$ cat data.cif   # mmCIF, C-alpha atoms
data_entry
loop_
_atom_site.label_atom_id
_atom_site.label_comp_id
_atom_site.auth_asym_id
_atom_site.auth_seq_id
_atom_site.Cartn_x
_atom_site.Cartn_y
_atom_site.Cartn_z
CA MET A 180 5.35 9.02 -46.36
CA THR A 181 1.94 9.12 -47.98
CA PRO A 182 -0.73 9.48 -45.33
CA ARG A 183 -4.20 8.77 -46.58
CA SER A 184 -5.72 11.80 -44.80
CA PRO A 185 -8.18 13.11 -47.38
CA PHE A 186 -10.02 9.79 -47.54
CA LYS A 187 -12.45 8.29 -45.07
CA ILE A 188 -10.65 5.43 -43.36
CA PRO A 189 -12.24 1.98 -42.99
CA LYS A 190 -13.43 0.63 -39.62
CA ILE A 191 -10.34 0.24 -37.48
CA PRO A 192 -10.15 -2.53 -34.84
CA GLU A 193 -9.93 -1.20 -31.29
CA MET A 194 -6.75 -3.18 -30.69
CA THR A 195 -5.12 -1.47 -33.67
CA VAL A 196 -5.88 1.94 -32.15
CA ARG A 197 -4.42 0.79 -28.86
CA ARG A 198 -1.29 -0.42 -30.64
CA LEU A 199 -0.95 2.94 -32.41
CA SER A 200 -0.75 4.52 -28.94
CA VAL A 201 1.88 1.99 -27.92
CA TYR A 202 3.89 2.53 -31.14
CA THR A 203 3.79 6.28 -30.53
CA ARG A 204 5.33 5.77 -27.09
CA CYS A 205 8.00 3.46 -28.51
CA LEU A 206 8.85 6.00 -31.22
CA GLN A 207 9.08 8.64 -28.47
CA GLN A 208 11.60 6.42 -26.64
CA LEU A 209 13.59 5.83 -29.83
CA GLU A 210 13.65 9.57 -30.49
CA GLU A 211 14.95 10.21 -26.95
CA ASP A 212 17.63 7.57 -27.59
CA GLY A 213 18.71 9.40 -30.76
CA VAL A 214 17.44 6.78 -33.24
CA LYS A 215 16.55 8.45 -36.56
CA THR A 216 15.21 5.57 -38.68
CA ILE A 217 14.06 2.02 -37.90
CA SER A 218 12.76 -0.92 -39.94
CA SER A 219 9.46 -2.58 -39.02
CA GLN A 220 11.54 -5.68 -38.21
CA GLU A 221 13.79 -3.81 -35.74
CA LEU A 222 10.81 -1.95 -34.27
CA ALA A 223 9.07 -5.29 -33.74
CA GLU A 224 12.12 -6.94 -32.19
CA ARG A 225 13.00 -4.07 -29.90
CA PHE A 226 9.50 -3.85 -28.43
CA SER A 227 8.38 -7.49 -28.86
CA PHE A 228 5.73 -6.79 -31.50
CA ASN A 229 4.89 -8.90 -34.52
CA SER A 230 6.38 -7.08 -37.53
CA ALA A 231 3.56 -8.17 -39.88
CA GLN A 232 1.10 -6.76 -37.36
CA VAL A 233 2.97 -3.45 -37.22
CA ARG A 234 2.85 -3.16 -41.02
CA LYS A 235 -0.83 -4.15 -41.11
CA ASP A 236 -1.78 -1.64 -38.40
CA LEU A 237 0.02 1.20 -40.18
CA ALA A 238 -1.34 0.19 -43.61
CA TYR A 239 -4.84 1.28 -42.51
CA PHE A 240 -3.61 4.84 -42.62
CA GLY A 241 -1.17 4.98 -45.52
CA GLU A 242 2.32 3.98 -46.60
CA PHE A 243 4.78 5.25 -44.01
CA GLY A 244 7.83 3.10 -44.71
CA VAL A 245 10.58 4.03 -47.14
CA ARG A 246 12.22 1.17 -49.08
CA GLY A 247 15.73 0.42 -47.83
CA ILE A 248 15.36 2.80 -44.88
CA GLY A 249 12.28 1.79 -42.92
CA TYR A 250 10.46 4.44 -40.95
CA TYR A 251 11.64 7.92 -40.07
CA VAL A 252 11.15 7.88 -36.29
CA ALA A 253 10.18 11.54 -35.82
CA GLY A 254 8.01 11.64 -38.94
CA LEU A 255 6.12 8.46 -38.12
CA LYS A 256 5.59 9.62 -34.54
CA ALA A 257 4.11 12.90 -35.77
CA GLU A 258 1.82 11.09 -38.22
CA LEU A 259 0.57 8.70 -35.55
CA GLN A 260 -0.02 11.58 -33.14
CA LYS A 261 -2.12 13.28 -35.80
CA ILE A 262 -4.11 10.08 -36.46
CA LEU A 263 -4.71 9.69 -32.71
CA GLY A 264 -5.86 13.30 -32.42
CA LEU A 265 -2.85 14.19 -30.27
CA ASP A 266 -1.92 17.19 -32.41
CA ARG A 267 -4.47 19.36 -30.58
CA GLU A 268 -5.84 20.02 -27.10
CA TRP A 269 -9.00 18.25 -25.87
CA PRO A 270 -11.04 19.96 -23.14
CA VAL A 271 -12.14 17.19 -20.78
CA ALA A 272 -14.91 17.04 -18.15
CA LEU A 273 -14.14 15.05 -15.01
CA VAL A 274 -17.24 13.77 -13.24
CA GLY A 275 -16.67 12.66 -9.65
CA LEU A 276 -14.04 14.07 -7.30
CA GLY A 277 -13.59 11.18 -4.87
CA ASN A 278 -10.23 9.44 -4.44
CA LEU A 279 -10.20 8.21 -8.03
CA GLY A 280 -11.33 11.53 -9.49
CA ALA A 281 -8.70 13.38 -7.47
CA ALA A 282 -6.03 10.90 -8.58
CA LEU A 283 -7.06 11.28 -12.23
CA PHE A 284 -7.09 15.07 -11.90
CA HIS A 285 -3.47 14.99 -10.75
CA TYR A 286 -2.44 12.32 -13.26
CA LYS A 287 0.41 13.90 -15.24
CA GLY A 288 -0.02 11.72 -18.31
CA PHE A 289 -3.29 13.28 -19.48
CA ALA A 290 -2.09 16.87 -19.85
CA ARG A 291 1.12 15.69 -21.52
CA GLN A 292 -0.96 14.13 -24.32
CA GLY A 293 -3.20 17.17 -24.70
CA PHE A 294 -6.10 16.09 -22.49
CA ARG A 295 -6.87 19.13 -20.32
CA ILE A 296 -9.41 18.73 -17.52
CA ALA A 297 -11.32 21.98 -17.94
CA ALA A 298 -14.18 21.42 -15.47
CA ILE A 299 -14.96 19.03 -12.63
CA PHE A 300 -18.49 18.01 -11.69
CA ASP A 301 -19.43 16.73 -8.25
CA ASP A 302 -22.68 17.24 -6.35
CA ASP A 303 -21.01 17.17 -2.94
CA PRO A 304 -21.33 20.82 -1.73
CA ALA A 305 -18.19 20.32 0.38
CA LYS A 306 -16.20 19.98 -2.85
CA ALA A 307 -17.61 23.06 -4.61
CA GLY A 308 -15.03 25.71 -5.51
CA THR A 309 -11.88 25.28 -7.56
CA VAL A 310 -8.97 22.84 -7.62
CA GLU A 311 -5.80 24.36 -9.03
CA GLY A 312 -7.92 26.90 -10.87
CA VAL A 313 -10.35 24.36 -12.33
CA PRO A 314 -13.99 24.87 -11.23
CA VAL A 315 -15.82 22.14 -9.29
CA LEU A 316 -19.52 22.45 -10.22
CA PRO A 317 -22.77 20.59 -9.60
CA LEU A 318 -23.72 18.08 -12.29
CA ALA A 319 -26.74 20.22 -13.19
CA ASP A 320 -24.30 22.75 -14.70
CA LEU A 321 -22.93 20.18 -17.17
CA PRO A 322 -25.12 21.09 -20.21
CA ARG A 323 -24.27 24.78 -19.95
CA GLU A 324 -20.58 24.21 -19.22
CA ALA A 325 -20.21 21.58 -21.96
CA LYS A 326 -21.19 24.23 -24.51
CA ALA A 327 -19.37 27.15 -22.87
CA ARG A 328 -16.12 25.22 -22.49
CA ASN A 329 -16.45 23.07 -25.61
CA LEU A 330 -16.04 19.89 -23.52
CA GLN A 331 -15.39 16.97 -25.90
CA ILE A 332 -14.60 14.05 -23.62
CA ALA A 333 -15.93 13.12 -20.16
CA ILE A 334 -14.20 10.95 -17.58
CA VAL A 335 -16.61 9.13 -15.27
CA ALA A 336 -15.11 8.51 -11.82
CA VAL A 337 -18.27 8.05 -9.75
CA PRO A 338 -19.48 5.00 -7.79
CA ALA A 339 -20.98 2.16 -9.86
CA GLU A 340 -24.54 2.96 -8.78
CA SER A 341 -24.38 6.50 -10.22
CA ALA A 342 -22.49 5.68 -13.42
CA GLN A 343 -25.49 5.04 -15.66
CA ALA A 344 -27.29 8.26 -14.68
CA VAL A 345 -24.11 10.29 -15.02
CA THR A 346 -23.36 8.83 -18.45
CA THR A 347 -26.90 9.61 -19.62
CA ALA A 348 -26.49 13.21 -18.40
CA ILE A 349 -23.16 13.49 -20.22
CA ALA A 350 -24.70 12.27 -23.47
CA ALA A 351 -27.65 14.68 -23.04
CA ALA A 352 -25.13 17.52 -22.66
CA GLY A 353 -23.79 16.70 -26.13
CA ILE A 354 -20.48 15.12 -25.13
CA LYS A 355 -19.76 12.24 -27.53
CA ALA A 356 -16.87 10.43 -25.87
CA VAL A 357 -16.87 8.91 -22.38
CA LEU A 358 -14.10 7.20 -20.46
CA ASN A 359 -15.73 5.23 -17.66
CA PHE A 360 -13.90 3.89 -14.61
CA ALA A 361 -17.01 2.57 -12.85
CA PRO A 362 -17.58 -1.19 -13.00
CA GLY A 363 -20.74 -2.71 -14.51
CA ARG A 364 -22.48 -2.46 -17.87
CA ILE A 365 -23.58 0.97 -19.08
CA ARG A 366 -25.93 1.60 -21.97
CA THR A 367 -25.51 4.60 -24.25
CA ALA A 368 -26.88 5.90 -27.53
CA LYS A 369 -25.17 4.55 -30.67
CA ASP A 370 -23.43 7.86 -31.42
CA ILE A 371 -21.66 7.97 -28.04
CA ARG A 372 -18.22 6.41 -27.87
CA LEU A 373 -17.97 4.71 -24.48
CA LYS A 374 -14.70 3.24 -23.29
CA ASN A 375 -14.73 1.23 -20.08
CA VAL A 376 -11.47 1.04 -18.16
CA ASP A 377 -10.99 -2.24 -16.36
CA LEU A 378 -7.88 -2.00 -14.21
CA SER A 379 -7.99 -5.67 -13.27
CA ILE A 380 -7.07 -6.54 -16.89
CA GLU A 381 -3.66 -5.03 -16.17
CA LEU A 382 -3.21 -7.26 -13.12
CA GLU A 383 -4.29 -10.30 -15.10
CA SER A 384 -1.34 -10.00 -17.44
CA LEU A 385 0.80 -10.40 -14.31
CA SER A 386 -1.15 -13.29 -12.82
CA PHE A 387 -0.95 -14.97 -16.24
CA TYR A 388 2.84 -14.92 -16.19
CA LEU A 389 3.01 -15.99 -12.55
CA ALA A 390 0.53 -18.81 -13.21
CA GLN A 391 2.48 -19.99 -16.27
CA GLY A 392 5.72 -19.86 -14.30
CA HIS A 393 4.25 -22.08 -11.59
CA ARG A 394 3.64 -24.92 -14.03
CA MET B 20 -11.82 -29.40 -25.03
CA THR B 21 -8.19 -30.45 -24.92
CA PRO B 22 -6.19 -27.92 -22.94
CA ARG B 23 -2.47 -28.25 -23.34
CA SER B 24 -1.78 -27.87 -19.61
CA PRO B 25 1.02 -30.42 -19.02
CA PHE B 26 3.26 -28.80 -21.64
CA LYS B 27 5.30 -25.63 -21.40
CA ILE B 28 3.56 -23.06 -23.59
CA PRO B 29 5.49 -20.96 -26.14
CA LYS B 30 6.14 -17.21 -25.70
CA ILE B 31 2.73 -15.54 -25.77
CA PRO B 32 2.38 -11.99 -27.15
CA GLU B 33 1.28 -9.46 -24.53
CA MET B 34 -1.68 -8.45 -26.69
CA THR B 35 -2.88 -12.06 -26.75
CA VAL B 36 -2.88 -12.16 -22.95
CA ARG B 37 -4.83 -8.90 -22.89
CA ARG B 38 -7.36 -10.33 -25.33
CA LEU B 39 -7.74 -13.45 -23.18
CA SER B 40 -8.85 -11.12 -20.37
CA VAL B 41 -11.30 -9.43 -22.72
CA TYR B 42 -12.65 -12.76 -24.00
CA THR B 43 -13.16 -13.90 -20.40
CA ARG B 44 -15.31 -10.81 -19.74
CA CYS B 45 -17.31 -11.39 -22.92
CA LEU B 46 -17.91 -15.01 -21.98
CA GLN B 47 -19.02 -13.80 -18.54
CA GLN B 48 -21.57 -11.50 -20.23
CA LEU B 49 -22.77 -14.31 -22.50
CA GLU B 50 -23.16 -16.58 -19.49
CA GLU B 51 -25.23 -13.90 -17.70
CA ASP B 52 -27.36 -13.61 -20.84
CA GLY B 53 -28.00 -17.37 -20.78
CA VAL B 54 -25.92 -18.23 -23.87
CA LYS B 55 -24.58 -21.81 -23.61
CA THR B 56 -22.51 -22.21 -26.79
CA ILE B 57 -21.08 -19.80 -29.35
CA SER B 58 -19.04 -20.11 -32.55
CA SER B 59 -15.81 -18.13 -32.97
CA GLN B 60 -17.60 -16.28 -35.79
CA GLU B 61 -20.52 -15.23 -33.55
CA LEU B 62 -18.18 -14.38 -30.68
CA ALA B 63 -16.16 -12.20 -33.06
CA GLU B 64 -19.23 -10.47 -34.48
CA ARG B 65 -20.91 -9.84 -31.17
CA PHE B 66 -17.85 -8.20 -29.64
CA SER B 67 -16.21 -6.81 -32.81
CA PHE B 68 -13.20 -9.12 -32.76
CA ASN B 69 -11.48 -10.72 -35.71
CA SER B 70 -12.54 -14.41 -35.67
CA ALA B 71 -9.19 -15.64 -37.06
CA GLN B 72 -7.48 -13.72 -34.25
CA VAL B 73 -9.75 -15.34 -31.65
CA ARG B 74 -8.89 -18.81 -32.97
CA LYS B 75 -5.18 -17.97 -33.13
CA ASP B 76 -5.14 -16.60 -29.57
CA LEU B 77 -6.88 -19.67 -28.19
CA ALA B 78 -4.73 -22.06 -30.22
CA TYR B 79 -1.70 -21.15 -28.10
CA PHE B 80 -3.33 -23.01 -25.24
CA GLY B 81 -5.14 -25.94 -26.85
CA GLU B 82 -8.16 -26.89 -28.90
CA PHE B 83 -11.24 -25.48 -27.19
CA GLY B 84 -13.78 -25.52 -30.01
CA VAL B 85 -16.09 -28.44 -30.76
CA ARG B 86 -16.90 -29.07 -34.44
CA GLY B 87 -20.47 -28.07 -35.28
CA ILE B 88 -21.03 -26.48 -31.86
CA GLY B 89 -18.32 -23.90 -31.32
CA TYR B 90 -17.29 -23.11 -27.78
CA TYR B 91 -19.05 -24.06 -24.55
CA VAL B 92 -19.34 -20.64 -22.90
CA ALA B 93 -18.97 -21.75 -19.26
CA GLY B 94 -16.24 -24.27 -20.07
CA LEU B 95 -14.15 -21.87 -22.14
CA LYS B 96 -14.51 -19.16 -19.50
CA ALA B 97 -13.25 -21.55 -16.81
CA GLU B 98 -10.30 -22.60 -19.00
CA LEU B 99 -9.33 -19.00 -19.72
CA GLN B 100 -9.60 -18.10 -16.04
CA LYS B 101 -7.25 -20.96 -15.23
CA ILE B 102 -4.80 -19.84 -17.92
CA LEU B 103 -4.91 -16.27 -16.58
CA GLY B 104 -4.33 -17.50 -13.02
CA LEU B 105 -7.80 -16.37 -11.95
CA ASP B 106 -8.64 -19.73 -10.40
CA ARG B 107 -6.84 -18.76 -7.19
CA GLU B 108 -6.30 -15.81 -4.87
CA TRP B 109 -3.27 -13.54 -5.25
CA PRO B 110 -2.08 -11.64 -2.17
CA VAL B 111 -1.12 -8.17 -3.40
CA ALA B 112 1.04 -5.43 -1.86
CA LEU B 113 -0.10 -1.85 -2.48
CA VAL B 114 2.72 0.68 -2.22
CA GLY B 115 1.57 4.29 -1.81
CA LEU B 116 -1.64 5.40 -0.13
CA GLY B 117 -2.20 8.79 -1.75
CA ASN B 118 -5.33 9.52 -3.80
CA LEU B 119 -4.47 6.91 -6.40
CA GLY B 120 -3.49 4.26 -3.84
CA ALA B 121 -6.71 4.86 -1.90
CA ALA B 122 -8.76 4.66 -5.11
CA LEU B 123 -7.05 1.40 -6.08
CA PHE B 124 -7.57 -0.01 -2.59
CA HIS B 125 -11.31 0.60 -2.93
CA TYR B 126 -11.45 -0.55 -6.56
CA LYS B 127 -14.01 -3.37 -6.56
CA GLY B 128 -12.70 -5.06 -9.70
CA PHE B 129 -9.48 -6.38 -8.12
CA ALA B 130 -11.04 -8.47 -5.37
CA ARG B 131 -13.66 -9.83 -7.78
CA GLN B 132 -10.84 -11.32 -9.90
CA GLY B 133 -9.00 -12.74 -6.90
CA PHE B 134 -6.49 -9.94 -6.34
CA ARG B 135 -6.57 -9.28 -2.60
CA ILE B 136 -4.64 -6.30 -1.25
CA ALA B 137 -3.14 -7.90 1.84
CA ALA B 138 -0.80 -5.12 2.97
CA ILE B 139 -0.30 -1.43 2.21
CA PHE B 140 3.07 0.31 2.43
CA ASP B 141 3.43 4.05 2.95
CA ASP B 142 6.14 5.89 4.86
CA ASP B 143 3.84 8.75 5.89
CA PRO B 144 3.42 8.21 9.68
CA ALA B 145 0.00 9.90 9.47
CA LYS B 146 -1.21 6.94 7.41
CA ALA B 147 0.11 4.17 9.69
CA GLY B 148 -2.55 1.88 11.13
CA THR B 149 -5.11 -0.13 9.22
CA VAL B 150 -7.64 0.54 6.44
CA GLU B 151 -10.61 -1.81 6.56
CA GLY B 152 -8.52 -4.31 8.45
CA VAL B 153 -5.52 -4.14 6.09
CA PRO B 154 -2.29 -2.94 7.75
CA VAL B 155 -0.55 0.23 6.53
CA LEU B 156 3.16 -0.25 7.18
CA PRO B 157 6.45 1.53 6.48
CA LEU B 158 8.25 0.40 3.32
CA ALA B 159 11.08 -0.98 5.49
CA ASP B 160 8.70 -3.76 6.56
CA LEU B 161 8.21 -4.96 2.99
CA PRO B 162 10.84 -7.78 2.96
CA ARG B 163 9.47 -9.32 6.16
CA GLU B 164 5.82 -8.88 5.20
CA ALA B 165 6.36 -10.15 1.65
CA LYS B 166 7.50 -13.47 3.14
CA ALA B 167 5.00 -13.59 6.00
CA ARG B 168 2.02 -12.78 3.79
CA ASN B 169 3.28 -14.52 0.65
CA LEU B 170 2.86 -11.30 -1.36
CA GLN B 171 3.11 -12.19 -5.06
CA ILE B 172 2.25 -8.96 -6.86
CA ALA B 173 2.95 -5.32 -5.97
CA ILE B 174 1.02 -2.28 -7.16
CA VAL B 175 3.13 0.89 -7.30
CA ALA B 176 1.05 4.03 -6.71
CA VAL B 177 3.75 6.44 -5.59
CA PRO B 178 4.92 9.72 -7.21
CA ALA B 179 7.16 9.36 -10.28
CA GLU B 180 10.30 10.41 -8.40
CA SER B 181 9.98 7.51 -5.89
CA ALA B 182 8.89 4.81 -8.34
CA GLN B 183 12.35 3.50 -9.25
CA ALA B 184 13.49 3.15 -5.61
CA VAL B 185 10.20 1.54 -4.61
CA THR B 186 10.36 -0.94 -7.50
CA THR B 187 13.93 -1.87 -6.58
CA ALA B 188 12.81 -2.46 -2.97
CA ILE B 189 9.92 -4.62 -4.16
CA ALA B 190 12.24 -6.75 -6.28
CA ALA B 191 14.70 -7.08 -3.37
CA ALA B 192 11.82 -8.34 -1.22
CA GLY B 193 11.33 -11.22 -3.68
CA ILE B 194 8.11 -10.03 -5.35
CA LYS B 195 8.29 -10.94 -9.03
CA ALA B 196 5.37 -9.03 -10.55
CA VAL B 197 4.85 -5.26 -10.43
CA LEU B 198 2.00 -3.14 -11.70
CA ASN B 199 3.28 0.42 -11.93
CA PHE B 200 1.05 3.49 -12.22
CA ALA B 201 3.88 6.04 -11.99
CA PRO B 202 4.94 7.66 -15.27
CA GLY B 203 8.50 7.39 -16.60
CA ARG B 204 10.85 4.54 -17.43
CA ILE B 205 11.72 2.07 -14.68
CA ARG B 206 14.51 -0.47 -14.85
CA THR B 207 14.17 -3.89 -13.25
CA ALA B 208 16.02 -7.20 -13.19
CA LYS B 209 15.16 -9.59 -16.03
CA ASP B 210 13.21 -11.95 -13.79
CA ILE B 211 10.79 -9.24 -12.63
CA ARG B 212 7.62 -8.84 -14.66
CA LEU B 213 6.90 -5.10 -14.80
CA LYS B 214 3.67 -3.80 -16.28
CA ASN B 215 3.30 -0.05 -16.70
CA VAL B 216 -0.23 1.32 -16.73
CA ASP B 217 -0.63 4.34 -18.97
CA LEU B 218 -4.12 5.74 -18.49
CA SER B 219 -3.75 8.24 -21.32
CA ILE B 220 -3.78 5.32 -23.79
CA GLU B 221 -7.44 4.83 -22.84
CA LEU B 222 -8.22 8.46 -23.62
CA GLU B 223 -6.37 8.22 -26.92
CA SER B 224 -8.80 5.65 -28.24
CA LEU B 225 -11.47 8.31 -27.73
CA SER B 226 -9.52 11.18 -29.26
CA PHE B 227 -8.79 8.89 -32.21
CA TYR B 228 -12.50 8.43 -32.94
CA LEU B 229 -13.26 12.10 -32.38
CA ALA B 230 -10.37 13.10 -34.65
CA GLN B 231 -11.49 10.68 -37.37
CA GLY B 232 -15.06 11.95 -37.11
CA HIS B 233 -13.88 15.52 -37.61
CA ARG B 234 -12.40 14.71 -40.99
#
$ encode --input "data.cif" --output "structure tokens"
Amino acid sequence: MTPRSPFKIPKIPEMTVRRLSVYTRCLQQLEEDGVKTISSQELAERFSFNSAQVRKDLAYFGEFGVRGIGYYVAGLKAELQKILGLDREWPVALVGLGNLGAALFHYKGFARQGFRIAAIFDDDPAKAGTVEGVPVLPLADLPREAKARNLQIAIVAVPAESAQAVTTAIAAAGIKAVLNFAPGRIRTAKDIRLKNVDLSIELESLSFYLAQGHR
Amino acid sequence: MTPRSPFKIPKIPEMTVRRLSVYTRCLQQLEEDGVKTISSQELAERFSFNSAQVRKDLAYFGEFGVRGIGYYVAGLKAELQKILGLDREWPVALVGLGNLGAALFHYKGFARQGFRIAAIFDDDPAKAGTVEGVPVLPLADLPREAKARNLQIAIVAVPAESAQAVTTAIAAAGIKAVLNFAPGRIRTAKDIRLKNVDLSIELESLSFYLAQGHR
């Protein structure tokens, strides 16, 4: 394994990053199943990937395969976790504590990957206080709290009509990464990484298969 | 444009289907911006895709480009929507009306793409009744309602410990496509299309960029 860590990596396609997350989960499954090593071919077959794609995705970051053996499952998983920034804890701001915000707050998957919701922002005075020890604060407190709590990532779970203003406030508070659940286009400064979640994409992969089956 | 509709298409990679959804959204944006035609090169540049990948993805379904012109934006969008099954309405069952279920019920994106939540299932008697005209029923009613309402897709928004039993009940009711938000591995019959949503993958694309920037 020769990770390329000391060098600046080239621009990585978004789909490659997504696949790294998927590979990490597959390696986790393999580890749970007691698999120690796996070839890119087997990895591809077992999880219906394209093996050339797997090799290409990994090649951005170094040479992880070992001739005649393939990949060491635990080692590759650890490397990918490091590349994805999953080897540390990220303090996250959650903005909006409606149904979606509450659901995201209780979503087990985030904490498991090191994403810790450290502060919640909602201007509804009825929601002020704490939820499971996490403070619920007015949005005006965001700049101060972002610094005090070292908030690195913000999750936007507000109605569409507030999403632009909220995102602008997040950027002004110095938070550089935003995960937005609100529909519609949002504009941000170039140095802000904005990721829009579109849950209907997930349903479309199902309607695709149903539609193809109906032919 | 020569779509390959009368023929059975080959096995399509899941990532290709996902990209078709993304392309459809990009074409929608282009249409709103008044763009009539676009080359695969321009499409790729504007949305940071790989143009060879765009051509390869589309080639599974036919020849959509016109030499010297590129793609007709409105025409390609309509073709992709048809391929993705977005040219019709899909009656959807929502199972679980906790915070996440309620958030998904109110999620605007589903209805816009033709996914209509036609019935909600939750065994909590306090939730029985209707929400905005949609009935909230006990899970035991699923087999009858699936037939009566022609439910084609089910969304699972129940706690992890109930997800396997709920998915089994959905399959027994004859619903062939399941979108599952509960964490953990779920087993289904071969003819059921199960799609697991893992929201932490979305956050990982942000931690990746933050981690790379910290180097």
$ residues_around --input "data.cif" --residues "Ala230 (chain B)" --least-positions-apart "6" --cutoff "12 Å" --atoms "all atoms listed in the file" --output "ChimeraX atom specification"
/A:184,187-188,259-269,331-332,355-356 /B:223-224
$ resolve_selection --input "data.cif" --expression "the PyMOL selection byres ((chain B) within 6 of (chain A))" --output "NGL selection string"
:B and (103-104 or 118-119 or 122 or 128-129 or 219 or 226-227 or 230)
$ write_last_selection --input "data.cif" --atoms "C-alpha atoms" --output "compact mmCIF listing (two decimals), keeping the file's coordinate frame"
# COMPACT_ATOMS: atom_id res chain seq x y z
CA LEU B 103 -4.91 -16.27 -16.58
CA GLY B 104 -4.33 -17.50 -13.02
CA ASN B 118 -5.33 9.52 -3.80
CA LEU B 119 -4.47 6.91 -6.40
CA ALA B 122 -8.76 4.66 -5.11
CA GLY B 128 -12.70 -5.06 -9.70
CA PHE B 129 -9.48 -6.38 -8.12
CA SER B 219 -3.75 8.24 -21.32
CA SER B 226 -9.52 11.18 -29.26
CA PHE B 227 -8.79 8.89 -32.21
CA ALA B 230 -10.37 13.10 -34.65
$ closest_residue --input "data.cif" --among "B:Gly53, B:Gly193, B:Gly115, B:Gly87" --to "Ile139 (chain B)" --atoms "all atoms listed in the file"
B:Gly115
$ atom_distance --input "data.cif" --atom1 "CA of Ala307 (chain A)" --atom2 "CA of Leu276 (chain A)"
10.0 Å
$ atom_distance --input "data.cif" --atom1 "CA of Arg328 (chain A)" --atom2 "CA of Lys256 (chain A)"
29.3 Å
$ residues_around --input "data.cif" --residues "Ala138 (chain B)" --least-positions-apart "4" --cutoff "8 Å" --atoms "all atoms listed in the file" --output "count of residues only"
8
$ resolve_selection --input "data.cif" --expression "the PyMOL selection byres ((chain B and resi 90) around 12)" --output "number ranges by chain"
B: 20, 42, 46, 49, 54-62, 73-74, 77, 82-89, 91-98
$ atom_distance --input "data.cif" --atom1 "CA of Ile354 (chain A)" --atom2 "CA of Ala305 (chain A)"
26.1 Å
$ build_atoms --input "data.cif" --residues "region 119-130 of chain B" --atoms "N, CA, C and O atoms" --output "PDB file, in the coordinates of the input"
ATOM      1  N   LEU B 119      -4.410   8.045  -5.489  1.00  0.00           N
ATOM      2  CA  LEU B 119      -4.470   6.910  -6.400  1.00  0.00           C
ATOM      3  C   LEU B 119      -4.467   5.600  -5.631  1.00  0.00           C
ATOM      4  O   LEU B 119      -5.285   4.710  -5.893  1.00  0.00           O
ATOM      5  N   GLY B 120      -3.562   5.476  -4.646  1.00  0.00           N
ATOM      6  CA  GLY B 120      -3.490   4.260  -3.840  1.00  0.00           C
ATOM      7  C   GLY B 120      -4.823   3.982  -3.149  1.00  0.00           C
ATOM      8  O   GLY B 120      -5.309   2.849  -3.162  1.00  0.00           O
ATOM      9  N   ALA B 121      -5.420   5.028  -2.582  1.00  0.00           N
ATOM     10  CA  ALA B 121      -6.710   4.860  -1.900  1.00  0.00           C
ATOM     11  C   ALA B 121      -7.781   4.423  -2.897  1.00  0.00           C
ATOM     12  O   ALA B 121      -8.596   3.545  -2.612  1.00  0.00           O
ATOM     13  N   ALA B 122      -7.780   5.038  -4.082  1.00  0.00           N
ATOM     14  CA  ALA B 122      -8.760   4.660  -5.110  1.00  0.00           C
ATOM     15  C   ALA B 122      -8.564   3.205  -5.511  1.00  0.00           C
ATOM     16  O   ALA B 122      -9.535   2.446  -5.648  1.00  0.00           O
ATOM     17  N   LEU B 123      -7.319   2.784  -5.680  1.00  0.00           N
ATOM     18  CA  LEU B 123      -7.050   1.400  -6.080  1.00  0.00           C
ATOM     19  C   LEU B 123      -7.434   0.437  -4.969  1.00  0.00           C
ATOM     20  O   LEU B 123      -7.949  -0.648  -5.228  1.00  0.00           O
ATOM     21  N   PHE B 124      -7.201   0.857  -3.714  1.00  0.00           N
ATOM     22  CA  PHE B 124      -7.570  -0.010  -2.590  1.00  0.00           C
ATOM     23  C   PHE B 124      -9.076  -0.274  -2.600  1.00  0.00           C
ATOM     24  O   PHE B 124      -9.520  -1.380  -2.307  1.00  0.00           O
ATOM     25  N   HIS B 125      -9.855   0.746  -2.954  1.00  0.00           N
ATOM     26  CA  HIS B 125     -11.310   0.600  -2.930  1.00  0.00           C
ATOM     27  C   HIS B 125     -11.881   0.098  -4.260  1.00  0.00           C
ATOM     28  O   HIS B 125     -13.083  -0.076  -4.385  1.00  0.00           O
ATOM     29  N   TYR B 126     -11.013  -0.104  -5.249  1.00  0.00           N
ATOM     30  CA  TYR B 126     -11.450  -0.550  -6.560  1.00  0.00           C
ATOM     31  C   TYR B 126     -12.037  -1.963  -6.451  1.00  0.00           C
ATOM     32  O   TYR B 126     -11.335  -2.905  -6.083  1.00  0.00           O
ATOM     33  N   LYS B 127     -13.315  -2.097  -6.762  1.00  0.00           N
ATOM     34  CA  LYS B 127     -14.010  -3.370  -6.560  1.00  0.00           C
ATOM     35  C   LYS B 127     -13.505  -4.477  -7.496  1.00  0.00           C
ATOM     36  O   LYS B 127     -13.536  -5.658  -7.165  1.00  0.00           O
ATOM     37  N   GLY B 128     -13.051  -4.074  -8.682  1.00  0.00           N
ATOM     38  CA  GLY B 128     -12.700  -5.060  -9.700  1.00  0.00           C
ATOM     39  C   GLY B 128     -11.580  -6.012  -9.290  1.00  0.00           C
ATOM     40  O   GLY B 128     -11.555  -7.168  -9.705  1.00  0.00           O
ATOM     41  N   PHE B 129     -10.628  -5.537  -8.473  1.00  0.00           N
ATOM     42  CA  PHE B 129      -9.480  -6.380  -8.120  1.00  0.00           C
ATOM     43  C   PHE B 129      -9.913  -7.609  -7.331  1.00  0.00           C
ATOM     44  O   PHE B 129      -9.575  -8.738  -7.684  1.00  0.00           O
ATOM     45  N   ALA B 130     -10.645  -7.366  -6.244  1.00  0.00           N
ATOM     46  CA  ALA B 130     -11.040  -8.470  -5.370  1.00  0.00           C
ATOM     47  C   ALA B 130     -11.905  -9.474  -6.128  1.00  0.00           C
ATOM     48  O   ALA B 130     -11.785 -10.684  -5.945  1.00  0.00           O
TER      49      ALA B 130
END
